[in-house]
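Comments concern the structure below.
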Amino acid sequence: MSKRRIIVVGSTGSVGTQALDVLAENAADFEVIGLAAGTQLDALVVQALEFSVPVIGLTTPPEGGAPEIRQRLEQAAGERGISDPVREIHVGPDAAEVVAGRSCDIVLNAVTGAAGLGATLAALDRGTDVALANKESLIIGGSIVLDAAARTGAALIPVDSEHSAIAQALRSGTHGEVSKLVITASGGPFRGMTRDALRRVTPAQALKHPTWSMGSMITINSATLVNKGLEVIEAHLLFDIDFDHIEVVVHPQSQIHSMVEFSDASTIAQISPPDMKLPIAYALGTQSDGQTRRLASGAVANNWGQPMHWSFEPVNHVAFPALGLAVEAGRRRKSFPAVFNAANEVLVEAFVNGEIPFTGIDKGIERALQAHEPAAEHTVDTVLAADSWAREFARQDLAAQSEQSAASAQGKASGGS
């Protein structure tokens with residue numbers, strides 16, 4: 001059997017590096033023909049040489065551009081005593097999109113945030129299956145992405161552990177037999193905290209996820225439950241299940257990754273250790289026709305001979321309102337999910353920089369959603385325009401909130417003097 005040719009965009013991030021680990025485990029089945037990254041040139045060079053990749057891209061190149069990247073490749077290859085395998089180097093904001101649009105069998109999109117939309121559409125437009133770790137491109141693109149996949153017959157294969165779990169559980173019945181999708185959430189580092197207590201948590205605390213090792217943006221999103229809200233929208237789009245039939249429950253042990261409840265009251269769950277290599281391997285083994293060959297993941301299976309305890313509890317929507325805001329944005333469709341996502345990215349950065357409290361993230365998202373007026377048509381241009389508008393609105397809103405806080409503090413100081 002010939003090797004499947006794969007391109008990985010977002011290759012130097014958490015999911016991208018784990019995907020390459022899985023591909024190394026299954027080297028007899030795959031040939032990596034393209035890689036793209038954002039800023040981490042050193043890591044990209046190592047990956048390109050290790051997998052003998054002929055095409056690479058870097059969205060934020062060094063000052064010397066492609067010639068400097070070529071020099072770094074040749075130097076690193078010389079130190080290893082090998083020849084430089086790279087024939088094409090693409091640089092600039094559309095580098096990932098260009099690389100993802102090349103001919104191959106499957107593209108794994110692990111780009112972080114809305115920036116991944118172009119790569120998803122480039123692959124789908126060419127008719128290439130997409131293993132989607134970049135949930136944001138589907139969430140903000142919505143019908144645009146689904147229509148592209150339908151038009152070319154390319155498959156959208158989920159990589160998120162929750163959606164991988166649902167896809168596996170759905171093999172137990174038909175779409176018409178589904179009663180409910182149950183998405184599990186770890187609850188993040190602040191599970192059980194009150195809204196008042198959350199106002200005082202620090203970025204360092206938010207970045208300490210109790211079960212998963214992920215990038216900073218997705219880790220903060222897990223702490224706010226923004227990520228879970230995005231997953232609800234993604235599940236709605238991927239599996240064509242109404243929002244009223246998608247439920248989120250807190251499962252701190254992160255062993256049951258999601259469940260499907262069927263019309264006969266039977267529930268099928270997918271269970272495994274919290275290791276992203278498992279859903280990555282499952283996605284890479286999935287074909288366009290939905291058939292899957294399970295690949296070696298490198299993960300360690302559960303030890304069923306040891307005692308285990310699993311628990312479930314409802315989401316505290318008062319303490320964590322972001323989940324409800326995401327579902328509301330998903331129901332309203334058009335560019336509201338794009339506004340939700342873009343405002344969140346700006347606000348998370350502000351929180352990490354110490355500019356706002358943790359609870360300022362969902363408050364800022366809510367203000368952006370309330371102020372947004374979507375365009376009549378839902379196109380790539382209107383989505384990108386909404387994304388830009390939301391980022392600018394969030395920045396201006398941050399400045400306004402900061403001025404109000406300063407004025408309030410000055411007023412209190414004057415009144416007490």
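Numbering starts fresh at 1 for the residues of each chain in the structure tokens, the chains themselves are lettered A, B, ... in the order given, and ligands are numbered from 1 as they appear.
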
message: So that I can check the secondary structure, give me every residue of region 112-332 of chain A assigned strand (DSSP E or B) by backbone DSSP, as a PyMOL selection string.
response: chain A and resi 129-132+156-158+178-185+246-250+256-262+267-271+286+292+313-314

- prompt: So which residues of region 198-380 of chain A fall under alpha helix (DSSP H) by DSSP, listed as a ChimeraX atom specification?
  reply: /A:198,203-206,216-224,226-239,277-284,322-332,336-352,360-371,380

Next, dump the selected residues to file, keeping only C-alpha atoms, as an mmCIF file, in the first residue's frame.
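Written out: part.cif:
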```cif
data_model
loop_
_atom_site.group_PDB
_atom_site.id
_atom_site.type_symbol
_atom_site.label_atom_id
_atom_site.label_comp_id
_atom_site.auth_asym_id
_atom_site.auth_seq_id
_atom_site.Cartn_x
_atom_site.Cartn_y
_atom_site.Cartn_z
ATOM 1 C CA LEU A 198 -12.663 33.997 40.093
ATOM 2 C CA PRO A 203 -2.751 34.014 34.829
ATOM 3 C CA ALA A 204 -0.231 31.590 36.345
ATOM 4 C CA GLN A 205 -3.066 29.741 38.076
ATOM 5 C CA ALA A 206 -5.169 29.704 34.920
ATOM 6 C CA SER A 216 -1.567 28.916 26.499
ATOM 7 C CA MET A 217 -4.629 30.141 24.558
ATOM 8 C CA ILE A 218 -6.506 26.849 24.724
ATOM 9 C CA THR A 219 -5.528 26.404 28.391
ATOM 10 C CA ILE A 220 -7.014 29.773 29.347
ATOM 11 C CA ASN A 221 -10.046 28.967 27.200
ATOM 12 C CA SER A 222 -10.461 25.751 29.148
ATOM 13 C CA ALA A 223 -10.348 27.681 32.423
ATOM 14 C CA THR A 224 -13.105 30.096 31.299
ATOM 15 C CA VAL A 226 -14.838 29.348 26.358
ATOM 16 C CA ASN A 227 -13.272 26.280 24.798
ATOM 17 C CA LYS A 228 -16.255 24.167 25.790
ATOM 18 C CA GLY A 229 -18.580 26.718 24.213
ATOM 19 C CA LEU A 230 -16.599 26.581 20.987
ATOM 20 C CA GLU A 231 -16.795 22.778 21.116
ATOM 21 C CA VAL A 232 -20.583 22.913 21.365
ATOM 22 C CA ILE A 233 -20.738 25.037 18.207
ATOM 23 C CA GLU A 234 -18.281 22.689 16.492
ATOM 24 C CA ALA A 235 -20.323 19.625 17.470
ATOM 25 C CA HIS A 236 -23.485 21.251 16.115
ATOM 26 C CA LEU A 237 -21.780 21.905 12.774
ATOM 27 C CA LEU A 238 -19.870 18.628 12.457
ATOM 28 C CA PHE A 239 -22.663 16.264 13.425
ATOM 29 C CA LYS A 277 -2.084 11.532 20.579
ATOM 30 C CA LEU A 278 -5.107 9.223 20.726
ATOM 31 C CA PRO A 279 -7.582 11.467 18.863
ATOM 32 C CA ILE A 280 -4.802 12.602 16.515
ATOM 33 C CA ALA A 281 -4.051 8.984 15.580
ATOM 34 C CA TYR A 282 -7.746 8.220 15.135
ATOM 35 C CA ALA A 283 -8.159 11.217 12.813
ATOM 36 C CA LEU A 284 -5.113 10.318 10.734
ATOM 37 C CA ALA A 322 -18.858 32.096 28.645
ATOM 38 C CA LEU A 323 -20.333 28.700 27.760
ATOM 39 C CA GLY A 324 -23.818 30.167 27.488
ATOM 40 C CA LEU A 325 -22.536 33.151 25.507
ATOM 41 C CA ALA A 326 -20.921 30.796 22.995
ATOM 42 C CA VAL A 327 -24.110 28.788 22.546
ATOM 43 C CA GLU A 328 -26.050 32.031 22.052
ATOM 44 C CA ALA A 329 -23.541 33.129 19.395
ATOM 45 C CA GLY A 330 -23.850 29.738 17.705
ATOM 46 C CA ARG A 331 -27.631 29.956 17.607
ATOM 47 C CA ARG A 332 -27.485 33.446 16.074
ATOM 48 C CA PHE A 336 -21.580 36.116 15.802
ATOM 49 C CA PRO A 337 -19.309 33.077 16.411
ATOM 50 C CA ALA A 338 -16.472 34.985 14.710
ATOM 51 C CA VAL A 339 -17.047 37.956 17.027
ATOM 52 C CA PHE A 340 -17.137 35.680 20.066
ATOM 53 C CA ASN A 341 -13.857 34.032 19.085
ATOM 54 C CA ALA A 342 -11.992 37.197 18.047
ATOM 55 C CA ALA A 343 -12.983 39.206 21.122
ATOM 56 C CA ASN A 344 -11.961 36.296 23.313
ATOM 57 C CA GLU A 345 -8.482 36.099 21.765
ATOM 58 C CA VAL A 346 -7.868 39.790 22.481
ATOM 59 C CA LEU A 347 -9.254 39.535 26.009
ATOM 60 C CA VAL A 348 -7.242 36.423 26.878
ATOM 61 C CA GLU A 349 -4.078 38.268 25.882
ATOM 62 C CA ALA A 350 -5.130 41.193 28.079
ATOM 63 C CA PHE A 351 -5.719 38.847 31.007
ATOM 64 C CA VAL A 352 -2.347 37.131 30.562
ATOM 65 C CA GLY A 360 -13.192 40.479 32.460
ATOM 66 C CA ILE A 361 -12.842 37.961 29.621
ATOM 67 C CA ASP A 362 -16.473 36.850 29.462
ATOM 68 C CA LYS A 363 -17.715 40.374 30.292
ATOM 69 C CA GLY A 364 -15.800 41.768 27.333
ATOM 70 C CA ILE A 365 -17.109 39.009 25.039
ATOM 71 C CA GLU A 366 -20.664 39.809 26.081
ATOM 72 C CA ARG A 367 -20.222 43.518 25.307
ATOM 73 C CA ALA A 368 -18.819 42.684 21.857
ATOM 74 C CA LEU A 369 -21.742 40.386 21.044
ATOM 75 C CA GLN A 370 -24.239 43.003 22.173
ATOM 76 C CA ALA A 371 -22.631 45.696 19.996
ATOM 77 C CA VAL A 380 -15.287 34.863 3.852
#
```

message: Restricting the calculation to only C-alpha atoms: of A:His372, A:Leu181, A:Asn134, A:Glu403, which residue gets closest to Arg391 (chain A)?
response: A:His372

How close does each residue of region 185-260 of chain A get to region 355-358 of chain A, giving the shortest atom pair and distance in Å to one decimal for every residue with an atom at most 7 Å away, counting only C-alpha atoms, sorted by chain and residue number, as JSON lines?
```
{"residue": "A:Leu198", "atom": "CA", "partner": "A:Phe358", "partner_atom": "CA", "distance": 6.4}
{"residue": "A:Arg199", "atom": "CA", "partner": "A:Pro357", "partner_atom": "CA", "distance": 5.7}
{"residue": "A:Arg200", "atom": "CA", "partner": "A:Pro357", "partner_atom": "CA", "distance": 6.9}
{"residue": "A:Val201", "atom": "CA", "partner": "A:Phe358", "partner_atom": "CA", "distance": 6.5}
```

field: Residue contacts of region 245-258 of chain A (7 Å, only C-alpha atoms) excluding same-chain residues fewer than 2 positions away, as a count of residues only
entry: 30

message: What's around Arg87 (chain A) at 12 Å? Count only C-alpha atoms, leave out sequence neighbours fewer than 6 positions away in its own chain, and write the answer as an MDAnalysis selection string.
response: chainID A and resid 33:34 48:49 52:57 66 69:70 73:74

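Take the candidates A:Thr194, A:Gln47, A:Thr17, A:Ser335 and check each one against Thr359 (chain A) using only C-alpha atoms; the shortest distance goes to A:Thr194.
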
field: Spatial neighbours of Lys135 (chain A), max dist 9 Å, only C-alpha atoms, sep filter under 5 positions, as a PyMOL selection string
entry: chain A and resi 110+112-114+116+140+158-160+230-231+234

Please write the residues from the selection above to a file, keeping N, CA, C and O atoms, as a PDB file, in the first residue's frame.
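That gives us part_0.pdb:
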```
ATOM      1  N   ALA A 110      -3.482  22.418  12.542  1.00  0.00           N
ATOM      2  CA  ALA A 110      -3.292  22.647  13.976  1.00  0.00           C
ATOM      3  C   ALA A 110      -2.929  24.094  14.256  1.00  0.00           C
ATOM      4  O   ALA A 110      -2.357  24.405  15.306  1.00  0.00           O
ATOM      5  N   THR A 112      -3.466  27.819  15.483  1.00  0.00           N
ATOM      6  CA  THR A 112      -4.257  28.336  16.598  1.00  0.00           C
ATOM      7  C   THR A 112      -5.116  29.504  16.152  1.00  0.00           C
ATOM      8  O   THR A 112      -4.629  30.430  15.513  1.00  0.00           O
ATOM      9  N   GLY A 113      -6.403  29.463  16.493  1.00  0.00           N
ATOM     10  CA  GLY A 113      -7.282  30.608  16.306  1.00  0.00           C
ATOM     11  C   GLY A 113      -7.827  30.787  14.902  1.00  0.00           C
ATOM     12  O   GLY A 113      -7.724  29.918  14.029  1.00  0.00           O
ATOM     13  N   ALA A 114      -8.411  31.977  14.682  1.00  0.00           N
ATOM     14  CA  ALA A 114      -9.076  32.295  13.416  1.00  0.00           C
ATOM     15  C   ALA A 114      -8.123  32.282  12.233  1.00  0.00           C
ATOM     16  O   ALA A 114      -8.560  32.155  11.084  1.00  0.00           O
ATOM     17  N   GLY A 116      -6.479  30.061  11.147  1.00  0.00           N
ATOM     18  CA  GLY A 116      -6.502  28.770  10.454  1.00  0.00           C
ATOM     19  C   GLY A 116      -7.560  28.651   9.380  1.00  0.00           C
ATOM     20  O   GLY A 116      -7.587  27.656   8.639  1.00  0.00           O
ATOM     21  N   ILE A 140     -16.029  29.845  12.990  1.00  0.00           N
ATOM     22  CA  ILE A 140     -16.266  31.176  12.417  1.00  0.00           C
ATOM     23  C   ILE A 140     -16.701  31.089  10.970  1.00  0.00           C
ATOM     24  O   ILE A 140     -17.449  31.931  10.484  1.00  0.00           O
ATOM     25  N   PRO A 158     -12.652  15.358  12.805  1.00  0.00           N
ATOM     26  CA  PRO A 158     -12.338  16.049  14.059  1.00  0.00           C
ATOM     27  C   PRO A 158     -11.099  15.488  14.744  1.00  0.00           C
ATOM     28  O   PRO A 158     -10.876  14.274  14.766  1.00  0.00           O
ATOM     29  N   VAL A 159     -10.318  16.399  15.322  1.00  0.00           N
ATOM     30  CA  VAL A 159      -9.138  16.013  16.099  1.00  0.00           C
ATOM     31  C   VAL A 159      -9.339  16.287  17.585  1.00  0.00           C
ATOM     32  O   VAL A 159      -8.754  15.601  18.428  1.00  0.00           O
ATOM     33  N   ASP A 160     -10.172  17.272  17.928  1.00  0.00           N
ATOM     34  CA  ASP A 160     -10.465  17.503  19.349  1.00  0.00           C
ATOM     35  C   ASP A 160     -10.878  16.188  20.004  1.00  0.00           C
ATOM     36  O   ASP A 160     -11.640  15.408  19.417  1.00  0.00           O
ATOM     37  N   LEU A 230     -17.001  26.767  22.373  1.00  0.00           N
ATOM     38  CA  LEU A 230     -16.599  26.581  20.987  1.00  0.00           C
ATOM     39  C   LEU A 230     -16.826  25.137  20.543  1.00  0.00           C
ATOM     40  O   LEU A 230     -17.219  24.878  19.405  1.00  0.00           O
ATOM     41  N   GLU A 231     -16.598  24.199  21.452  1.00  0.00           N
ATOM     42  CA  GLU A 231     -16.795  22.778  21.116  1.00  0.00           C
ATOM     43  C   GLU A 231     -18.266  22.456  20.883  1.00  0.00           C
ATOM     44  O   GLU A 231     -18.593  21.597  20.061  1.00  0.00           O
ATOM     45  N   GLU A 234     -18.929  23.616  17.419  1.00  0.00           N
ATOM     46  CA  GLU A 234     -18.281  22.689  16.492  1.00  0.00           C
ATOM     47  C   GLU A 234     -19.068  21.395  16.373  1.00  0.00           C
ATOM     48  O   GLU A 234     -19.258  20.862  15.271  1.00  0.00           O
TER      49      GLU A 234
END
```

Shell around Thr152 (chain A) at 9 Å using only C-alpha atoms, local window under 5 positions removed, as a PDB file with C-alpha atoms, in the first residue's frame:
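Listed below is the output, result-v6.pdb:
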```
ATOM      1  CA  LEU A 124     -11.116  21.702   1.163  1.00  0.00           C
ATOM      2  CA  ASP A 125     -11.277  23.686  -2.086  1.00  0.00           C
ATOM      3  CA  ARG A 126      -8.681  21.332  -3.519  1.00  0.00           C
ATOM      4  CA  GLY A 127     -10.718  18.322  -2.352  1.00  0.00           C
ATOM      5  CA  THR A 128      -8.266  17.328   0.357  1.00  0.00           C
ATOM      6  CA  ASP A 147     -20.298  24.094   1.775  1.00  0.00           C
TER       7      ASP A 147
END
```
